[in-house]
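Novice: Just my_file10.tsv, nothing more (TSV, C-alpha atoms and all ligand atoms):
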```
chain	number	residue	atom	x	y	z
A	1	MET	CA	0.00	0.00	0.00
A	2	ILE	CA	1.27	3.46	-0.81
A	3	ALA	CA	0.54	5.85	2.03
A	4	LYS	CA	0.05	9.51	1.28
A	5	ASN	CA	3.03	11.54	2.39
A	6	SER	CA	1.25	13.99	4.68
A	7	ASN	CA	4.51	15.92	4.98
A	8	SER	CA	4.72	16.72	1.32
A	9	ASN	CA	4.17	20.29	0.25
A	10	ARG	CA	6.29	22.60	-1.83
A	11	SER	CA	7.89	24.45	1.06
A	12	GLN	CA	8.97	21.19	2.76
A	13	THR	CA	10.36	19.18	-0.12
A	14	VAL	CA	13.89	19.37	-1.43
A	15	GLU	CA	15.33	18.71	-4.85
A	16	PHE	CA	18.96	17.68	-4.76
A	17	ALA	CA	20.51	20.06	-7.23
A	18	SER	CA	23.61	21.13	-5.42
A	19	ASN	CA	26.88	19.51	-6.29
A	20	VAL	CA	28.75	22.28	-4.52
A	21	SER	CA	30.21	21.05	-1.26
A	22	SER	CA	32.59	23.90	-0.57
A	23	ASN	CA	33.16	27.27	-2.15
A	24	SER	CA	35.47	29.00	0.29
A	25	ALA	CA	37.20	28.39	3.60
A	26	LEU	CA	34.38	30.01	5.56
A	27	ASN	CA	31.34	29.38	3.35
A	28	SER	CA	30.08	26.10	1.97
A	29	ALA	CA	26.90	24.49	0.70
A	30	ALA	CA	25.11	21.20	1.18
A	31	ASP	CA	21.69	19.97	0.10
A	32	VAL	CA	21.17	18.57	3.59
A	33	VAL	CA	22.83	19.26	6.95
A	34	ILE	CA	22.33	16.51	9.55
A	35	VAL	CA	22.76	17.32	13.23
A	36	GLY	CA	24.09	14.25	15.05
A	37	ALA	CA	26.47	11.51	13.86
A	38	GLY	CA	24.87	8.55	15.61
A	39	LEU	CA	23.60	5.50	13.72
A	40	ILE	CA	20.40	7.34	12.77
A	41	GLY	CA	22.15	10.46	11.45
A	42	LEU	CA	24.77	8.52	9.48
A	43	ALA	CA	22.27	6.02	8.04
A	44	ILE	CA	20.24	8.97	6.74
A	45	ALA	CA	23.40	10.60	5.39
A	46	LEU	CA	24.29	7.47	3.41
A	47	GLU	CA	20.77	7.09	2.02
A	48	LEU	CA	20.66	10.75	0.92
A	49	HIS	CA	24.12	10.46	-0.61
A	50	ASP	CA	22.99	7.41	-2.59
A	51	ARG	CA	20.09	9.51	-3.94
A	52	GLY	CA	22.45	12.19	-5.22
A	53	ALA	CA	22.38	14.70	-2.36
A	54	SER	CA	25.40	16.51	-1.00
A	55	VAL	CA	25.37	15.95	2.76
A	56	THR	CA	27.19	17.45	5.74
A	57	VAL	CA	26.90	15.80	9.17
A	58	ILE	CA	27.78	17.79	12.28
A	59	ASP	CA	28.46	16.31	15.69
A	60	HIS	CA	29.45	18.24	18.79
A	61	GLY	CA	31.43	15.20	19.93
A	62	ARG	CA	32.88	12.16	18.13
A	63	SER	CA	30.76	10.12	15.71
A	64	LEU	CA	29.09	6.94	16.94
A	65	THR	CA	30.17	7.15	20.56
A	66	LYS	CA	26.79	7.53	22.28
A	67	ALA	CA	23.67	5.29	22.35
A	68	SER	CA	24.52	3.60	19.06
A	69	THR	CA	27.63	1.95	20.50
A	70	ALA	CA	26.01	1.28	23.90
A	71	ALA	CA	23.25	-0.93	22.47
A	72	ALA	CA	22.84	-4.69	22.72
A	73	GLY	CA	22.05	-4.99	19.02
A	74	MET	CA	18.81	-6.99	19.03
A	75	LEU	CA	16.78	-6.42	15.87
A	76	ALA	CA	13.64	-7.00	17.89
A	77	ALA	CA	10.93	-6.45	15.29
A	78	GLU	CA	8.85	-9.29	16.75
A	79	ASP	CA	9.04	-8.28	20.43
A	80	PRO	CA	5.46	-8.73	21.74
A	81	PHE	CA	6.06	-6.05	24.40
A	82	ASN	CA	6.77	-3.31	21.84
A	83	PRO	CA	3.99	-0.75	21.23
A	84	PRO	CA	1.92	-1.97	18.21
A	85	ALA	CA	2.45	1.38	16.43
A	86	LEU	CA	6.17	0.52	16.12
A	87	ALA	CA	5.48	-2.54	13.97
A	88	PRO	CA	5.36	-1.02	10.44
A	89	LEU	CA	8.72	0.78	10.79
A	90	SER	CA	10.31	-2.15	12.65
A	91	LYS	CA	9.20	-4.78	10.12
A	92	LEU	CA	10.30	-2.66	7.15
A	93	SER	CA	13.67	-2.14	8.81
A	94	ALA	CA	14.17	-5.84	9.54
A	95	LEU	CA	13.45	-6.52	5.85
A	96	ARG	CA	15.90	-3.85	4.72
A	97	TYR	CA	18.73	-4.91	7.02
A	98	PRO	CA	20.50	-7.29	4.60
A	99	ALA	CA	20.58	-4.60	1.87
A	100	PHE	CA	21.78	-2.00	4.42
A	101	LEU	CA	24.66	-4.28	5.42
A	102	ARG	CA	25.51	-5.05	1.78
A	103	ARG	CA	25.71	-1.32	1.00
A	104	ILE	CA	27.99	-0.72	4.00
A	105	GLU	CA	30.19	-3.64	2.95
A	106	ALA	CA	30.40	-2.41	-0.65
A	107	LEU	CA	31.71	0.96	0.53
A	108	SER	CA	33.83	-0.10	3.51
A	109	GLY	CA	34.97	-3.58	2.53
A	110	VAL	CA	33.79	-4.74	5.97
A	111	ALA	CA	31.17	-7.50	6.26
A	112	VAL	CA	29.03	-7.22	9.39
A	113	PRO	CA	27.50	-10.60	10.29
A	114	PHE	CA	24.27	-11.31	12.12
A	115	GLN	CA	25.24	-12.74	15.51
A	116	THR	CA	22.02	-14.71	16.11
A	117	ASP	CA	18.97	-15.72	14.06
A	118	THR	CA	16.39	-16.55	16.74
A	119	THR	CA	15.13	-15.19	20.05
A	120	VAL	CA	13.60	-17.23	22.85
A	121	GLN	CA	10.87	-14.94	24.16
A	122	TYR	CA	9.64	-15.55	27.71
A	123	MET	CA	5.97	-14.61	28.07
A	124	ALA	CA	4.23	-13.27	31.19
A	125	ASP	CA	2.30	-16.57	31.65
A	126	GLY	CA	5.55	-18.56	31.95
A	127	THR	CA	5.50	-20.00	28.41
A	128	THR	CA	8.21	-19.37	25.82
A	129	THR	CA	8.02	-18.81	22.09
A	130	ARG	CA	10.81	-18.78	19.49
A	131	LEU	CA	10.95	-15.68	17.25
A	132	ALA	CA	12.75	-15.33	13.91
A	133	GLU	CA	14.86	-12.26	14.69
A	134	HIS	CA	18.50	-11.38	14.17
A	135	SER	CA	20.95	-9.60	16.42
A	136	ILE	CA	24.07	-7.71	15.46
A	137	ASP	CA	27.15	-6.33	17.25
A	138	PRO	CA	26.60	-2.53	17.20
A	139	ARG	CA	30.32	-1.89	17.59
A	140	GLN	CA	31.05	-3.89	14.43
A	141	LEU	CA	28.17	-2.17	12.65
A	142	THR	CA	29.15	1.37	13.61
A	143	ALA	CA	32.84	0.85	12.79
A	144	ALA	CA	31.87	-0.42	9.33
A	145	LEU	CA	29.32	2.37	8.83
A	146	LEU	CA	31.87	5.03	9.72
A	147	ALA	CA	34.33	3.54	7.23
A	148	ALA	CA	31.55	3.47	4.63
A	149	VAL	CA	30.66	7.12	5.21
A	150	ARG	CA	34.33	8.10	5.04
A	151	ALA	CA	34.55	6.35	1.65
A	152	THR	CA	31.97	8.80	0.25
A	153	PRO	CA	32.06	12.59	-0.21
A	154	ILE	CA	29.75	12.99	2.83
A	155	ARG	CA	31.33	15.70	4.95
A	156	LEU	CA	31.62	14.74	8.62
A	157	LEU	CA	32.42	17.61	10.97
A	158	GLU	CA	33.16	16.31	14.47
A	159	GLU	CA	33.68	18.27	17.69
A	160	THR	CA	31.86	21.14	16.03
A	161	GLN	CA	29.12	23.24	17.64
A	162	ILE	CA	26.23	24.79	15.74
A	163	VAL	CA	25.75	28.41	16.78
A	164	ALA	CA	22.75	29.36	14.60
A	165	VAL	CA	20.28	28.01	12.04
A	166	ASP	CA	19.01	31.03	10.09
A	167	ASP	CA	16.33	31.16	7.38
A	168	THR	CA	17.47	32.63	4.06
A	169	PRO	CA	15.56	33.29	0.81
A	170	HIS	CA	16.97	30.00	-0.62
A	171	GLY	CA	16.75	27.74	2.44
A	172	MET	CA	18.84	27.95	5.56
A	173	GLN	CA	22.27	28.93	6.73
A	174	VAL	CA	23.85	26.80	9.45
A	175	ARG	CA	26.56	28.71	11.28
A	176	LEU	CA	29.26	26.77	13.13
A	177	SER	CA	31.61	27.50	16.02
A	178	THR	CA	34.50	27.14	13.59
A	179	GLY	CA	33.32	30.25	11.72
A	180	ILE	CA	32.05	28.22	8.75
A	181	ALA	CA	28.56	28.96	7.41
A	182	ILE	CA	26.79	26.25	5.40
A	183	ALA	CA	24.03	27.20	2.97
A	184	SER	CA	21.56	24.32	3.03
A	185	ARG	CA	18.16	23.34	1.64
A	186	ALA	CA	17.27	21.06	4.56
A	187	VAL	CA	18.32	20.44	8.16
A	188	VAL	CA	17.70	17.11	9.92
A	189	TYR	CA	17.79	16.90	13.71
A	190	ALA	CA	19.08	13.42	14.62
A	191	ALA	CA	20.83	14.16	17.89
A	192	GLY	CA	19.50	11.18	19.87
A	193	ALA	CA	18.85	11.95	23.55
A	194	TRP	CA	20.05	15.52	22.93
A	195	THR	CA	17.48	16.29	20.22
A	196	SER	CA	15.23	18.44	22.44
A	197	GLU	CA	18.22	20.31	23.75
A	198	VAL	CA	19.62	21.13	20.32
A	199	MET	CA	16.20	21.94	18.85
A	200	THR	CA	15.36	24.24	21.76
A	201	ALA	CA	18.38	26.31	20.83
A	202	PHE	CA	17.44	26.67	17.13
A	203	HIS	CA	13.75	25.85	16.71
A	204	SER	CA	10.56	27.29	18.20
A	205	ASN	CA	8.81	23.85	18.37
A	206	PRO	CA	11.25	21.32	19.85
A	207	VAL	CA	9.99	17.74	20.16
A	208	PRO	CA	10.07	16.12	23.62
A	209	VAL	CA	12.94	13.61	23.49
A	210	ALA	CA	14.54	12.78	26.85
A	211	PRO	CA	17.44	10.54	27.86
A	212	ARG	CA	16.48	7.12	29.28
A	213	LYS	CA	19.54	5.53	30.86
A	214	GLY	CA	20.41	1.88	30.31
A	215	GLN	CA	23.17	0.07	32.22
A	216	MET	CA	24.47	-3.18	30.81
A	217	LEU	CA	27.18	-5.78	31.45
A	218	ARG	CA	29.07	-8.20	29.25
A	219	VAL	CA	30.16	-11.52	30.75
A	220	ARG	CA	32.10	-14.53	29.56
A	221	LEU	CA	29.76	-17.40	28.65
A	222	PRO	CA	29.67	-20.18	31.26
A	223	ALA	CA	31.68	-23.16	29.97
A	224	THR	CA	28.59	-25.36	30.25
A	225	LEU	CA	26.50	-23.10	27.99
A	226	ALA	CA	26.78	-22.99	24.19
A	227	LEU	CA	24.44	-20.07	23.58
A	228	ASN	CA	23.50	-19.05	20.06
A	229	GLU	CA	20.05	-17.50	20.62
A	230	VAL	CA	18.89	-14.33	22.35
A	231	HIS	CA	16.90	-15.02	25.54
A	232	ARG	CA	14.48	-12.23	26.45
A	233	SER	CA	11.66	-11.51	28.88
A	234	GLU	CA	9.88	-8.20	29.39
A	235	ARG	CA	12.42	-7.27	32.11
A	236	ILE	CA	15.76	-8.70	30.93
A	237	TYR	CA	17.66	-9.97	27.91
A	238	ILE	CA	20.76	-12.08	27.32
A	239	VAL	CA	22.39	-11.50	23.93
A	240	PRO	CA	25.24	-13.86	23.00
A	241	ARG	CA	28.05	-12.80	20.71
A	242	THR	CA	28.86	-15.70	18.40
A	243	LEU	CA	31.24	-14.06	15.88
A	244	GLY	CA	33.98	-11.44	15.92
A	245	PRO	CA	36.03	-9.98	18.77
A	246	GLN	CA	33.30	-10.51	21.40
A	247	ALA	CA	32.58	-14.18	20.53
A	248	GLY	CA	32.18	-16.36	23.60
A	249	THR	CA	30.60	-13.58	25.66
A	250	ALA	CA	27.04	-12.42	26.29
A	251	LEU	CA	25.44	-9.07	27.07
A	252	ILE	CA	22.97	-8.80	29.95
A	253	GLY	CA	20.75	-5.75	29.96
A	254	ALA	CA	19.46	-3.38	30.65
A	255	THR	CA	18.21	-0.95	33.27
A	256	VAL	CA	15.61	1.64	32.22
A	257	GLU	CA	16.11	4.82	34.25
A	258	ASN	CA	15.05	8.45	34.18
A	259	ALA	CA	18.36	9.85	35.38
A	260	GLY	CA	18.92	12.81	33.09
A	261	PHE	CA	22.28	12.68	31.31
A	262	ASP	CA	23.96	10.64	34.08
A	263	THR	CA	25.87	7.58	32.82
A	264	THR	CA	27.26	6.26	36.10
A	265	VAL	CA	27.44	2.46	36.33
A	266	ARG	CA	26.47	1.04	39.74
A	267	SER	CA	27.62	-2.41	40.84
A	268	GLY	CA	24.33	-2.99	42.71
A	269	ASP	CA	22.39	-2.47	39.48
A	270	LEU	CA	24.69	-4.88	37.62
A	271	ASP	CA	24.06	-7.49	40.36
A	272	SER	CA	20.30	-7.00	39.88
A	273	LEU	CA	20.64	-7.51	36.10
A	274	ARG	CA	22.65	-10.67	36.65
A	275	ALA	CA	20.01	-11.99	39.09
A	276	LEU	CA	17.24	-11.34	36.54
A	277	ALA	CA	19.28	-13.10	33.82
A	278	ALA	CA	19.70	-16.09	36.14
A	279	GLU	CA	15.89	-16.40	36.28
A	280	LEU	CA	16.07	-17.24	32.54
A	281	LEU	CA	19.38	-19.15	32.49
A	282	PRO	CA	20.64	-20.05	36.00
A	283	ALA	CA	24.31	-20.39	34.96
A	284	PHE	CA	24.53	-16.58	34.80
A	285	SER	CA	23.99	-16.22	38.56
A	286	SER	CA	27.61	-17.05	39.34
A	287	ALA	CA	30.34	-14.44	38.75
A	288	ALA	CA	32.83	-17.32	38.85
A	289	GLU	CA	31.05	-19.21	36.04
A	290	ALA	CA	30.23	-16.10	33.99
A	291	PRO	CA	32.89	-13.51	34.92
A	292	LEU	CA	32.39	-9.83	34.12
A	293	VAL	CA	34.21	-8.58	31.00
A	294	GLU	CA	32.97	-4.98	30.98
A	295	SER	CA	30.01	-2.76	31.89
A	296	TRP	CA	28.68	0.58	30.66
A	297	ALA	CA	25.66	2.86	30.48
A	298	GLY	CA	24.08	4.62	27.49
A	299	LEU	CA	21.29	7.12	26.94
A	300	ARG	CA	18.33	6.01	24.83
A	301	PRO	CA	16.40	8.83	23.13
A	302	ALA	CA	12.87	8.46	24.53
A	303	THR	CA	9.58	10.24	23.78
A	304	PRO	CA	6.56	10.35	26.14
A	305	ASP	CA	4.68	7.72	24.06
A	306	GLY	CA	7.70	5.49	23.38
A	307	LEU	CA	7.52	6.02	19.61
A	308	PRO	CA	10.14	7.64	17.35
A	309	VAL	CA	9.65	11.10	15.87
A	310	LEU	CA	9.99	11.01	12.11
A	311	GLY	CA	9.02	13.73	9.67
A	312	ALA	CA	8.94	17.41	8.80
A	313	SER	CA	8.94	19.89	11.64
A	314	ALA	CA	6.77	22.99	11.78
A	315	ARG	CA	9.65	25.05	10.38
A	316	ALA	CA	10.03	24.80	6.59
A	317	GLY	CA	13.03	22.78	5.48
A	318	GLN	CA	13.64	21.23	8.90
A	319	PHE	CA	13.12	17.54	9.69
A	320	ILE	CA	13.38	15.26	12.71
A	321	ALA	CA	14.57	11.65	13.07
A	322	SER	CA	14.88	10.84	16.74
A	323	GLY	CA	13.27	9.16	19.75
A	324	HIS	CA	14.06	5.60	18.65
A	325	TYR	CA	14.32	4.62	22.32
A	326	ARG	CA	15.04	0.85	22.58
A	327	ASN	CA	14.90	0.13	18.82
A	328	GLY	CA	17.22	2.54	17.05
A	329	ILE	CA	19.66	-0.15	15.88
A	330	LEU	CA	16.77	-2.08	14.38
A	331	GLN	CA	15.01	0.93	12.89
A	332	ALA	CA	17.97	2.78	11.32
A	333	PRO	CA	17.67	1.39	7.75
A	334	ALA	CA	13.92	2.09	7.42
A	335	THR	CA	14.26	5.46	9.16
A	336	ALA	CA	16.84	6.48	6.56
A	337	VAL	CA	14.63	5.49	3.62
A	338	VAL	CA	11.45	7.03	5.05
A	339	LEU	CA	13.10	10.30	6.03
A	340	ALA	CA	14.80	10.60	2.64
A	341	ASP	CA	11.40	10.02	0.98
A	342	ILE	CA	9.86	12.72	3.18
A	343	ILE	CA	12.62	15.20	2.34
A	344	GLU	CA	12.19	14.49	-1.37
A	345	GLY	CA	8.39	14.65	-1.08
A	346	LYS	CA	7.97	11.09	-2.40
A	347	PRO	CA	4.98	8.88	-1.51
A	348	LEU	CA	5.72	6.73	1.53
A	349	SER	CA	5.54	2.94	1.50
A	350	LEU	CA	4.14	2.83	5.04
A	351	ASP	CA	1.83	4.82	7.28
A	352	ILE	CA	3.88	6.80	9.79
A	353	PHE	CA	1.11	9.11	11.00
A	354	ALA	CA	1.65	7.86	14.59
A	355	LEU	CA	5.32	8.96	14.39
A	356	SER	CA	4.66	12.49	13.14
A	357	PRO	CA	6.34	15.37	15.02
A	358	GLN	CA	2.97	17.14	14.89
A	359	ARG	CA	1.44	14.64	17.36
A	360	PHE	CA	3.01	16.61	20.21
A	361	ALA	CA	1.44	19.86	18.97
A	362	ARG	CA	-1.95	18.06	18.66
A	363	ASN	CA	-2.05	17.23	22.44
B	401	LIG	C1	21.75	0.04	27.00
B	401	LIG	C2	21.09	0.18	25.66
B	401	LIG	C3	20.70	-0.95	24.95
B	401	LIG	C4	20.09	-0.83	23.71
B	401	LIG	N1	19.78	-1.97	23.00
B	401	LIG	C5	19.22	-1.86	21.76
B	401	LIG	C6	18.95	-3.03	21.01
B	401	LIG	O1	19.23	-4.16	21.42
B	401	LIG	N2	18.38	-2.86	19.77
B	401	LIG	C7	18.05	-1.65	19.26
B	401	LIG	O2	17.52	-1.58	18.15
B	401	LIG	N3	18.32	-0.52	19.96
B	401	LIG	C8	18.88	-0.60	21.20
B	401	LIG	N4	19.15	0.52	21.94
B	401	LIG	C9	18.68	1.81	21.41
B	401	LIG	C10	19.62	2.40	20.38
B	401	LIG	O3	20.93	2.35	20.85
B	401	LIG	C11	19.21	3.87	20.09
B	401	LIG	O4	17.82	3.96	19.81
B	401	LIG	C12	19.98	4.42	18.90
B	401	LIG	O5	21.35	4.16	19.05
B	401	LIG	C13	19.75	5.91	18.76
B	401	LIG	O6	20.61	6.38	17.75
B	401	LIG	P1	20.80	7.93	17.53
B	401	LIG	O7	21.70	8.09	16.36
B	401	LIG	O8	19.46	8.58	17.53
B	401	LIG	O9	21.50	8.43	18.90
B	401	LIG	P2	23.03	8.45	19.34
B	401	LIG	O10	23.75	7.23	18.94
B	401	LIG	O11	23.04	8.80	20.79
B	401	LIG	O12	23.66	9.64	18.50
B	401	LIG	C14	23.28	10.98	18.72
B	401	LIG	C15	24.45	11.85	18.26
B	401	LIG	O13	24.05	13.22	18.34
B	401	LIG	C16	25.16	13.97	18.79
B	401	LIG	N5	24.74	15.25	19.33
B	401	LIG	C17	24.13	15.50	20.51
B	401	LIG	N6	23.94	16.83	20.68
B	401	LIG	C18	24.45	17.44	19.58
B	401	LIG	C19	24.57	18.81	19.18
B	401	LIG	N7	24.11	19.81	19.94
B	401	LIG	N8	25.16	19.07	18.00
B	401	LIG	C20	25.63	18.05	17.21
B	401	LIG	N9	25.55	16.75	17.56
B	401	LIG	C21	24.97	16.44	18.72
B	401	LIG	C22	25.81	13.05	19.83
B	401	LIG	O14	27.16	13.42	20.08
B	401	LIG	C23	25.67	11.69	19.15
B	401	LIG	O15	26.81	11.39	18.34
B	401	LIG	C24	19.83	0.45	23.16
B	401	LIG	C25	20.25	1.58	23.84
B	401	LIG	C26	20.89	1.46	25.07
B	401	LIG	C27	21.37	2.70	25.78
```
Once more with this new file: its structure as structure tokens, please.
Ligand SMILES: Cc1cc2nc3c(=O)[nH]c(=O)nc-3n(C[C@H](O)[C@H](O)[C@H](O)COP(=O)(O)OP(=O)(O)OC[C@H]3O[C@@H](n4cnc5c(N)ncnc54)[C@H](O)[C@@H]3O)c2cc1C
Specialist:
Amino acid sequence: MIAKNSNSNRSQTVEFASNVSSNSALNSAADVVIVGAGLIGLAIALELHDRGASVTVIDHGRSLTKASTAAAGMLAAEDPFNPPALAPLSKLSALRYPAFLRRIEALSGVAVPFQTDTTVQYMADGTTTRLAEHSIDPRQLTAALLAAVRATPIRLLEETQIVAVDDTPHGMQVRLSTGIAIASRAVVYAAGAWTSEVMTAFHSNPVPVAPRKGQMLRVRLPATLALNEVHRSERIYIVPRTLGPQAGTALIGATVENAGFDTTVRSGDLDSLRALAAELLPAFSSAAEAPLVESWAGLRPATPDGLPVLGASARAGQFIASGHYRNGILQAPATAVVLADIIEGKPLSLDIFALSPQRFARN
């Protein structure tokens, strides 16, 4: 079914005509400027590049060092505890994943394998069901994606602050702390848990995206356990790594906390995660049998209704791709395609009305 693109109108759509990426040391041009070099921002950048756009991505820190490298990497399109409104984007993304990985490999020369092909889902009534779902190592994925982006003319400006986003007669001008000004036809906010913060500075209608902390640990697999499936209940998951540098270990996660931008890891919380994991697979209860390899915390970008924000903002030429909460690794490929379609004013292949930025204005 072809859904009508409710975002499409002349003032919001962009034709990629610019092949000018730089015309002086202090002034440059790009069809699209993307704010945030996480998985979402860089997946969109690659998709737009493949459609002929000139793209600049700006990050105030280093690329791919925030939520996208903190994730477990489940591609949990079949999770029965996900909100039903997530399903269209999640299922499209799961379908697109193999092509997304092939494109990254073609550019980077790096093949990113699926780590698992099935998930044992523990239901509230004590039964289990086996789901056909993959998982991936986000660190492998992001390293390959960064190499892929660097193999293209996409301009990646790291450790760079935006100081202003001004309207001009031809689009926008994005002014940077480095003194550079970029003339652009479109700006995409994809700053993860920081999206509200950055939009508040440059946009009169910021969307409500807040950090939701997740602590996680990685342990060595107990010698008695040859694990090659994800095990997941509503409260806990165990994600084995079967290939690559982390093979022979498993991730146990994750806490869900409203703690602002705090990323402290607490040993008591790690003990609680391990105890929950042991309810699914008892061998994980023992730190001697499954010793700790590492632990960390990341900040999921969360909206009040738990759904991503995807579409045109109220300000002409500005777009949002954020709030992917617990499913941003899964949803990156479809997000990139859908947002690129919205920017180009093309008909959409799925109904994303529930994900519209305007839903927050409607309430
Ligand atoms: C513990 C944990 C486990 C998870 N497990 C899974 C999972 O199994 N499966 C799954 O699909 N998802 C999972 N997720 C969710 C997933 O990681 C996120 O939804 C996804 O990474 C969000 O990507 P992003 O690009 O929006 O955000 P990020 O990766 O956080 O990137 C945002 C970028 O914006 C930049 N930025 C911020 N402010 C500015 C500014 N002012 N100017 C310029 N740049 C800025 C940041 O520096 C950062 O690089 C997990 C998350 C966590 C924390």
Novice: Return as number ranges by chain every polymer residue, whether protein, DNA or RNA, with at least one atom no more than 6 Å from an atom of ligand LIG 401 (chain B); count only C-alpha atoms and all ligand atoms.
Specialist: A: 35-41, 58-61, 63-68, 70-75, 161, 190-194, 198, 214-216, 254, 297-300, 322, 324-330
Novice: Would you tabulate, counting only C-alpha atoms, all residues of stretch 109-182 of chain A that have an atom at most 7 Å from an atom of stretch 233-248 of chain A, showing the closest pair of atoms and their distance in Å to one decimal, sorted by chain then ascending number, as a Markdown table?
Specialist:
```
| residue | atom | partner | partner_atom | distance |
| --- | --- | --- | --- | --- |
| A:Gln115 | CA | A:Thr242 | CA | 5.5 |
| A:Gln121 | CA | A:Ser233 | CA | 5.9 |
| A:Tyr122 | CA | A:Ser233 | CA | 4.7 |
| A:Met123 | CA | A:Ser233 | CA | 6.5 |
```
Novice: How many Å lie between atom CA of A:Leu348 and atom CA of A:Asp305, rounded to one decimal?
Specialist: 22.6 Å
Novice: For A:Ile136, which residue out of A:Ala151, A:Ala53, A:Leu251, A:Val187 is the nearest one, using all atoms listed in the file?
Specialist: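 Of A:Ala151, A:Ala53, A:Leu251, A:Val187, the one nearest A:Ile136 is A:Leu251, counting all atoms listed in the file.
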Novice: With all atoms listed in the file as the basis for distance, which of A:Asp117, A:Asp79, A:Asp50, A:Asp166 is at the shortest distance from A:Val149?
Specialist: A:Asp50
Novice: Could you check which of A:Arg220, A:Arg103, A:Arg175, A:Lys213 is closest to A:Glu294, using all atoms listed in the file?
Specialist: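 Smallest distance to A:Glu294 is found for A:Arg220.
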Novice: Would you compute the distance between atom CA of A:Leu146 and atom CA of A:Val293? Give it in Å to one decimal.
Specialist: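 Going from atom CA of A:Leu146 over to atom CA of A:Val293, I get 25.4 Å.
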Novice: Neighbourhood query: residues within 6 Å of (22.2, 17.9, 8.1), file coordinates, counting all atoms listed in the file; return as a ChimeraX atom specification.
Specialist: /A:32-35,56-57,187-188
